[in-house]
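S.K.: What follows is the file my_file-v5.cif, containing mmCIF, C-alpha atoms:
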data_final
loop_
_atom_site.label_atom_id
_atom_site.label_comp_id
_atom_site.auth_asym_id
_atom_site.auth_seq_id
_atom_site.Cartn_x
_atom_site.Cartn_y
_atom_site.Cartn_z
CA MET A 4 10.08 -4.70 10.57
CA PRO A 5 7.32 -6.70 12.32
CA ASP A 6 4.12 -4.95 13.37
CA SER A 7 4.21 -3.66 16.92
CA ALA A 8 0.60 -4.65 17.64
CA PRO A 9 -0.93 -3.44 20.90
CA LYS A 10 -2.19 -6.12 23.22
CA LYS A 11 -5.85 -7.08 22.83
CA THR A 12 -7.54 -5.90 26.00
CA LEU A 13 -11.24 -5.89 25.13
CA PRO A 14 -13.72 -8.73 24.52
CA ARG A 15 -14.59 -9.94 21.02
CA LEU A 16 -16.92 -7.45 19.36
CA ASP A 17 -20.15 -8.46 17.65
CA GLU A 18 -20.18 -7.23 14.07
CA SER A 19 -23.74 -5.90 14.50
CA LEU A 20 -22.33 -3.13 16.70
CA LEU A 21 -20.36 -1.72 13.75
CA THR A 22 -22.81 -1.92 10.86
CA HIS A 23 -23.79 1.76 11.26
CA LEU A 24 -20.20 3.05 11.12
CA PRO A 25 -19.04 4.45 7.75
CA PRO A 26 -16.19 1.95 7.07
CA PHE A 27 -18.62 -0.94 7.55
CA SER A 28 -22.04 0.43 6.59
CA LYS A 29 -22.01 -1.04 3.07
CA LEU A 30 -20.50 -4.41 3.99
CA GLU A 31 -22.17 -7.75 4.69
CA ARG A 32 -21.94 -9.09 8.24
CA GLY A 33 -19.59 -11.85 7.13
CA GLU A 34 -17.25 -9.25 5.61
CA ILE A 35 -17.32 -7.20 8.79
CA ARG A 36 -16.52 -10.32 10.81
CA ALA A 37 -13.54 -11.09 8.58
CA ILE A 38 -12.18 -7.56 9.12
CA LEU A 39 -12.83 -7.58 12.86
CA ASP A 40 -11.08 -10.92 13.30
CA GLN A 41 -7.87 -9.26 12.14
CA ALA A 42 -8.15 -6.30 14.52
CA VAL A 43 -6.76 -5.76 17.99
CA SER A 44 -8.41 -3.49 20.52
CA ARG A 45 -6.99 -1.20 23.16
CA ARG A 46 -8.14 1.27 25.77
CA PHE A 47 -6.14 4.53 26.04
CA ASP A 48 -6.03 6.94 28.96
CA GLU A 49 -6.81 10.62 28.37
CA GLY A 50 -3.93 12.72 27.07
CA VAL A 51 -1.71 9.98 25.62
CA ALA A 52 -0.31 9.74 22.10
CA VAL A 53 -1.67 6.83 20.08
CA PHE A 54 1.13 7.54 17.58
CA ASP A 55 3.59 10.37 16.95
CA GLU A 56 4.18 12.59 13.94
CA GLY A 57 7.00 11.18 11.81
CA ALA A 58 6.86 7.68 13.31
CA PRO A 59 6.63 4.69 10.92
CA ALA A 60 2.97 4.19 9.99
CA GLU A 61 2.59 0.60 11.14
CA ARG A 62 -1.13 0.54 11.97
CA PHE A 63 -4.42 2.29 11.18
CA TYR A 64 -7.23 2.74 13.69
CA LEU A 65 -10.98 2.90 14.20
CA LEU A 66 -12.07 4.97 17.19
CA LEU A 67 -14.86 3.12 19.00
CA ASP A 68 -15.29 5.52 21.90
CA GLY A 69 -13.77 8.87 22.87
CA TYR A 70 -12.19 11.73 20.94
CA ILE A 71 -8.83 12.17 19.22
CA ARG A 72 -6.97 15.46 18.88
CA VAL A 73 -4.78 15.57 15.74
CA VAL A 74 -1.71 17.72 16.40
CA ARG A 75 1.14 18.93 14.20
CA ILE A 76 4.36 20.75 15.04
CA SER A 77 5.10 23.83 12.92
CA PRO A 78 8.57 24.52 11.47
CA THR A 79 9.07 27.02 14.31
CA GLY A 80 8.21 24.40 16.94
CA GLU A 81 4.69 25.58 17.72
CA ARG A 82 2.03 22.98 18.43
CA VAL A 83 -1.00 23.27 16.11
CA THR A 84 -4.23 21.31 16.50
CA ALA A 85 -5.29 20.31 13.00
CA LEU A 86 -8.66 18.72 13.80
CA HIS A 87 -10.64 16.58 16.24
CA ILE A 88 -11.90 13.09 15.42
CA PRO A 89 -15.07 11.77 17.10
CA SER A 90 -15.88 8.13 17.79
CA GLY A 91 -16.92 5.94 14.88
CA GLN A 92 -14.23 7.24 12.52
CA LEU A 93 -10.94 5.94 11.17
CA PHE A 94 -7.65 7.70 11.86
CA GLY A 95 -3.98 7.04 11.22
CA MET A 96 -4.74 6.32 7.55
CA ALA A 97 -1.27 7.25 6.33
CA ARG A 98 -1.37 4.76 3.44
CA ALA A 99 -4.48 6.44 2.02
CA LEU A 100 -2.50 9.70 1.83
CA GLY A 101 0.55 8.03 0.27
CA HIS A 102 2.68 8.33 3.43
CA ASP A 103 4.95 5.78 5.09
CA THR A 104 5.06 7.81 8.30
CA TYR A 105 2.30 9.44 10.30
CA PRO A 106 1.85 13.08 9.17
CA ALA A 107 0.58 14.16 12.61
CA THR A 108 0.37 13.07 16.23
CA ALA A 109 -2.89 11.56 17.52
CA ILE A 110 -3.58 12.40 21.17
CA THR A 111 -6.59 11.19 23.13
CA ALA A 112 -8.79 14.07 24.28
CA THR A 113 -10.67 11.67 26.59
CA GLU A 114 -10.26 8.08 27.69
CA SER A 115 -10.69 6.24 24.40
CA ILE A 116 -11.11 2.78 22.90
CA ALA A 117 -9.81 1.94 19.43
CA LEU A 118 -9.44 -1.00 17.09
CA SER A 119 -6.34 -1.21 14.93
CA TRP A 120 -4.98 -3.23 12.05
CA PRO A 121 -1.51 -3.61 10.50
CA MET A 122 -1.05 -0.99 7.77
CA ARG A 123 -0.27 -3.76 5.27
CA LEU A 124 -3.97 -4.74 5.45
CA TRP A 125 -5.13 -1.34 4.17
CA ASP A 126 -4.55 -2.26 0.52
CA VAL A 127 -6.12 -5.68 1.12
CA PHE A 128 -9.31 -4.21 2.57
CA VAL A 129 -9.55 -1.55 -0.14
CA THR A 130 -9.16 -4.21 -2.86
CA ASP A 131 -11.37 -6.91 -1.35
CA TYR A 132 -14.21 -4.80 0.08
CA GLU A 133 -15.64 -2.19 -2.27
CA GLY A 134 -17.81 -0.68 0.46
CA PHE A 135 -14.79 -0.21 2.69
CA SER A 136 -12.92 1.49 -0.13
CA THR A 137 -15.66 3.96 -1.09
CA GLU A 138 -16.53 4.94 2.46
CA THR A 139 -12.98 5.33 3.75
CA TYR A 140 -11.84 7.44 0.83
CA LYS A 141 -14.94 9.58 1.32
CA ILE A 142 -13.68 10.18 4.87
CA VAL A 143 -10.24 11.10 3.50
CA GLY A 144 -11.86 13.60 1.14
CA GLN A 145 -13.87 15.17 3.98
CA ARG A 146 -10.74 15.52 6.11
CA VAL A 147 -8.83 17.17 3.26
CA GLY A 148 -11.79 19.51 2.72
CA GLU A 149 -11.86 20.43 6.40
CA MET A 150 -8.14 21.11 6.38
CA ASN A 151 -8.50 23.35 3.31
CA THR A 152 -11.26 25.26 5.11
CA ARG A 153 -8.98 25.73 8.11
CA ILE A 154 -6.17 27.02 5.89
CA MET A 155 -8.50 29.54 4.28
CA GLU A 156 -9.74 30.69 7.69
CA LEU A 157 -6.19 31.22 8.92
CA ALA A 158 -5.29 33.15 5.77
CA THR A 159 -8.37 35.33 5.40
CA GLN A 160 -10.28 35.69 8.68
CA HIS A 161 -9.83 37.84 11.75
CA VAL A 162 -9.13 36.09 15.06
CA GLU A 163 -12.69 36.61 16.33
CA GLN A 164 -14.07 34.92 13.22
CA ARG A 165 -11.66 31.98 13.54
CA VAL A 166 -12.51 31.35 17.18
CA ALA A 167 -16.24 31.60 16.48
CA ASN A 168 -15.95 29.18 13.56
CA ALA A 169 -13.92 26.74 15.65
CA LEU A 170 -16.57 26.75 18.37
CA LEU A 171 -19.37 26.26 15.83
CA ARG A 172 -17.50 23.41 14.14
CA LEU A 173 -16.89 21.61 17.43
CA ILE A 174 -20.47 21.83 18.66
CA SER A 175 -21.62 20.62 15.24
CA GLN A 176 -19.25 17.63 15.28
CA THR A 177 -19.13 16.75 18.97
CA GLY A 178 -21.71 18.87 20.79
CA ARG A 179 -24.28 17.52 23.22
CA LYS A 180 -27.36 19.37 24.39
CA VAL A 181 -27.28 20.52 28.00
CA ALA A 182 -29.26 23.06 30.00
CA ASP A 183 -29.20 26.42 28.23
CA GLY A 184 -26.91 25.43 25.37
CA ILE A 185 -24.68 22.95 23.57
CA GLU A 186 -21.51 21.71 25.25
CA ILE A 187 -18.37 20.44 23.53
CA ASP A 188 -18.37 16.80 24.58
CA PHE A 189 -14.75 16.50 25.68
CA PRO A 190 -12.36 18.47 27.88
CA ILE A 191 -10.87 21.43 26.03
CA THR A 192 -8.80 24.28 27.43
CA ARG A 193 -8.21 27.80 26.23
CA GLN A 194 -4.69 26.72 25.31
CA ASP A 195 -6.22 24.01 23.11
CA PHE A 196 -8.32 26.68 21.41
CA SER A 197 -5.31 28.87 20.80
CA GLU A 198 -3.57 25.91 19.08
CA LEU A 199 -6.72 25.19 17.09
CA THR A 200 -7.18 28.74 15.83
CA GLY A 201 -3.60 29.86 15.30
CA THR A 202 -3.68 32.62 17.89
CA THR A 203 -2.36 33.33 21.36
CA LEU A 204 -3.71 32.09 24.68
CA HIS A 205 -4.16 35.72 25.77
CA THR A 206 -6.34 36.51 22.74
CA VAL A 207 -8.53 33.42 23.16
CA SER A 208 -8.96 34.14 26.87
CA ARG A 209 -9.91 37.75 26.14
CA LEU A 210 -12.49 36.73 23.52
CA LEU A 211 -14.08 33.96 25.60
CA SER A 212 -14.26 36.24 28.65
CA ALA A 213 -15.98 38.94 26.59
CA TRP A 214 -18.41 36.42 25.11
CA GLU A 215 -19.20 35.06 28.56
CA LYS A 216 -20.15 38.56 29.73
CA GLN A 217 -22.46 38.82 26.70
CA GLY A 218 -24.07 35.44 27.47
CA LEU A 219 -22.79 33.75 24.30
CA VAL A 220 -20.70 31.05 25.99
CA GLU A 221 -19.83 29.55 29.37
CA SER A 222 -16.33 28.28 30.05
CA GLN A 223 -15.04 26.50 33.16
CA ARG A 224 -12.93 23.48 34.15
CA LYS A 225 -11.99 22.46 30.60
CA ARG A 226 -15.63 22.62 29.53
CA ILE A 227 -17.08 25.09 27.03
CA LYS A 228 -20.79 25.55 26.43
CA VAL A 229 -22.24 27.62 23.61
CA CYS A 230 -25.36 29.39 24.86
CA ASP A 231 -26.18 31.41 21.73
CA PRO A 232 -25.06 29.62 18.53
CA HIS A 233 -26.85 32.15 16.30
CA ALA A 234 -24.83 35.02 17.76
CA LEU A 235 -21.62 33.07 17.06
CA VAL A 236 -22.75 32.50 13.47
CA ILE A 237 -23.11 36.26 13.07
CA LEU A 238 -19.66 36.87 14.61
CA SER A 239 -18.10 34.27 12.32
CA GLN A 240 -19.34 36.22 9.27
CA LEU A 241 -18.41 39.77 10.30
#
Here is a file; write its structure as structure tokens.
M.R.:
Amino acid sequence: MPDSAPKKTLPRLDESLLTHLPPFSKLERGEIRAILDQAVSRRFDEGVAVFDEGAPAERFYLLLDGYIRVVRISPTGERVTALHIPSGQLFGMARALGHDTYPATAITATESIALSWPMRLWDVFVTDYEGFSTETYKIVGQRVGEMNTRIMELATQHVEQRVANALLRLISQTGRKVADGIEIDFPITRQDFSELTGTTLHTVSRLLSAWEKQGLVESQRKRIKVCDPHALVILSQL
């Protein structure tokens, strides 16, 4: 089946803009140029699926700007947020995991811009560019490690600990400093948090409301700000 490549909608990128990103950081500029010349670029609106769980894995992606929410559907039909991917990282790397289909759905958490390549080029890049190989498989290892941590949290921690850990992880990965705290740098609802922490919307709402009264967090209009990270660290360990 031919690749269903998205239309190129953005101007030609200069390779110097990508030298600091992990997949390219150990490559020469000429190597980066060769990889970029085989990419297509696309802008996605907020809240759209870049690809769906179970669909043929035809392309892999590099997120240039925005955030991606990785979502899976449980055997009982419940939607579970597996992780969030910030800009500058690869996603959709099904070939690296030995899959022919995407193991999860990738949904844009904000308006996003991504490069993509046909999946058939994954093995070519890994073989021809040692720096690409080492850095991308390091990313795969980090993602697997994060998923294992999530599984352990779900199996061993109380709900309050899980929600606190999720907040701490998000401000560490995507937080930006604002007045009186650190804000998660993309829209996120209480429903999103319930899917991320394996609990109910009612429980997440109750916890966040209690923490707001204590001055630990502020939550409004799909924005969550952590005002007292140290207090959340203590809650995550109780």
S.K.: Report the distance between atom CA of A:Glu163 and atom CA of A:Glu81 in Å, rounded to one decimal place.
M.R.: 20.6 Å
S.K.: Edge lengths and centre in Å to one decimal, as JSON, is what I'm after for the box along x, y and z that holds all listed atoms of stretch 222-227 of chain A once 4 Å is added on each side.
M.R.:
{"center_x": -14.5, "center_y": 25.4, "center_z": 30.6, "size_x": 13.1, "size_y": 13.8, "size_z": 15.1}
S.K.: Between atom CA of A:Thr137 and atom CA of A:Lys29, what is the distance, to one decimal in Å?
M.R.: 9.1 Å
S.K.: Write out as CSV the residues of stretch 150-208 of chain A that have any atom within 12 Å of an atom of stretch 216-219 of chain A, one row each with the nearest atom pair and its distance in Å to one decimal, counting all atoms listed in the file, sorted by chain and then rising number.
M.R.:
residue,atom,partner,partner_atom,distance
A:Ala167,CA,A:Leu219,CA,10.4
A:Leu170,CA,A:Leu219,CA,11.1
A:Leu171,CA,A:Leu219,CA,11.8
A:Asp183,CA,A:Gly218,CA,10.4
A:Gly184,CA,A:Leu219,CA,9.3
A:Ile185,CA,A:Leu219,CA,11.0
S.K.: Skip A:Lys228 itself and residues of its chain fewer than 6 positions away, then list as a PyMOL selection string all residues within 8 Å of it, counting only C-alpha atoms.
M.R.: chain A and resi 184-187+220-222
S.K.: Determine the residue membership of the PyMOL selection byres ((chain A and resi 193) around 10) for the file above and supply it as a PDB file with C-alpha atoms, in the coordinates of the input.
M.R.:
ATOM      1  CA  ILE A 191     -10.870  21.430  26.030  1.00  0.00           C
ATOM      2  CA  THR A 192      -8.800  24.280  27.430  1.00  0.00           C
ATOM      3  CA  GLN A 194      -4.690  26.720  25.310  1.00  0.00           C
ATOM      4  CA  ASP A 195      -6.220  24.010  23.110  1.00  0.00           C
ATOM      5  CA  PHE A 196      -8.320  26.680  21.410  1.00  0.00           C
ATOM      6  CA  SER A 197      -5.310  28.870  20.800  1.00  0.00           C
ATOM      7  CA  GLU A 198      -3.570  25.910  19.080  1.00  0.00           C
ATOM      8  CA  LEU A 199      -6.720  25.190  17.090  1.00  0.00           C
ATOM      9  CA  THR A 203      -2.360  33.330  21.360  1.00  0.00           C
ATOM     10  CA  LEU A 204      -3.710  32.090  24.680  1.00  0.00           C
ATOM     11  CA  HIS A 205      -4.160  35.720  25.770  1.00  0.00           C
ATOM     12  CA  THR A 206      -6.340  36.510  22.740  1.00  0.00           C
ATOM     13  CA  VAL A 207      -8.530  33.420  23.160  1.00  0.00           C
ATOM     14  CA  SER A 208      -8.960  34.140  26.870  1.00  0.00           C
ATOM     15  CA  LEU A 211     -14.080  33.960  25.600  1.00  0.00           C
ATOM     16  CA  SER A 222     -16.330  28.280  30.050  1.00  0.00           C
ATOM     17  CA  GLN A 223     -15.040  26.500  33.160  1.00  0.00           C
ATOM     18  CA  LYS A 225     -11.990  22.460  30.600  1.00  0.00           C
ATOM     19  CA  ARG A 226     -15.630  22.620  29.530  1.00  0.00           C
ATOM     20  CA  ILE A 227     -17.080  25.090  27.030  1.00  0.00           C
TER      21      ILE A 227
END
S.K.: Just the residues within 7 Å of A:Pro59, please, counting all atoms listed in the file, with nothing from its chain fewer than 4 positions along; format it as a PyMOL selection string.
M.R.: chain A and resi 103-105
S.K.: Assuming the chain letters and numbering stay as they are in my file, what does the PyMOL selection byres ((chain A and resi 46-57) around 12) actually select? List them as a PyMOL selection string.
M.R.: chain A and resi 7-14+43-45+58-77+82+94-97+102-119+189-191
S.K.: So how far away is atom CA of A:Thr130 from atom CA of A:Ser19, in Å?
M.R.: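 Atom CA of A:Thr130 lies at a distance of 22.7 Å from atom CA of A:Ser19.
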S.K.: Rank nothing, just name the residue among A:Gln145, A:Thr177, A:Gln164, A:Glu31 nearest to A:Ala234, using all atoms listed in the file.
M.R.: A:Gln164
S.K.: Determine the residue set returned by the PyMOL selection byres ((chain A and resi 139) around 9) for the present structure, and present it as a PyMOL selection string.
M.R.: chain A and resi 25-26+93+99+129+134-138+140-144
S.K.: Restricted to C-alpha atoms, what would the selected residues look like written as a PDB file, in the frame of the given file?
M.R.:
ATOM      1  CA  PRO A  25     -19.040   4.450   7.750  1.00  0.00           C
ATOM      2  CA  PRO A  26     -16.190   1.950   7.070  1.00  0.00           C
ATOM      3  CA  LEU A  93     -10.940   5.940  11.170  1.00  0.00           C
ATOM      4  CA  ALA A  99      -4.480   6.440   2.020  1.00  0.00           C
ATOM      5  CA  VAL A 129      -9.550  -1.550  -0.140  1.00  0.00           C
ATOM      6  CA  GLY A 134     -17.810  -0.680   0.460  1.00  0.00           C
ATOM      7  CA  PHE A 135     -14.790  -0.210   2.690  1.00  0.00           C
ATOM      8  CA  SER A 136     -12.920   1.490  -0.130  1.00  0.00           C
ATOM      9  CA  THR A 137     -15.660   3.960  -1.090  1.00  0.00           C
ATOM     10  CA  GLU A 138     -16.530   4.940   2.460  1.00  0.00           C
ATOM     11  CA  TYR A 140     -11.840   7.440   0.830  1.00  0.00           C
ATOM     12  CA  LYS A 141     -14.940   9.580   1.320  1.00  0.00           C
ATOM     13  CA  ILE A 142     -13.680  10.180   4.870  1.00  0.00           C
ATOM     14  CA  VAL A 143     -10.240  11.100   3.500  1.00  0.00           C
ATOM     15  CA  GLY A 144     -11.860  13.600   1.140  1.00  0.00           C
TER      16      GLY A 144
END
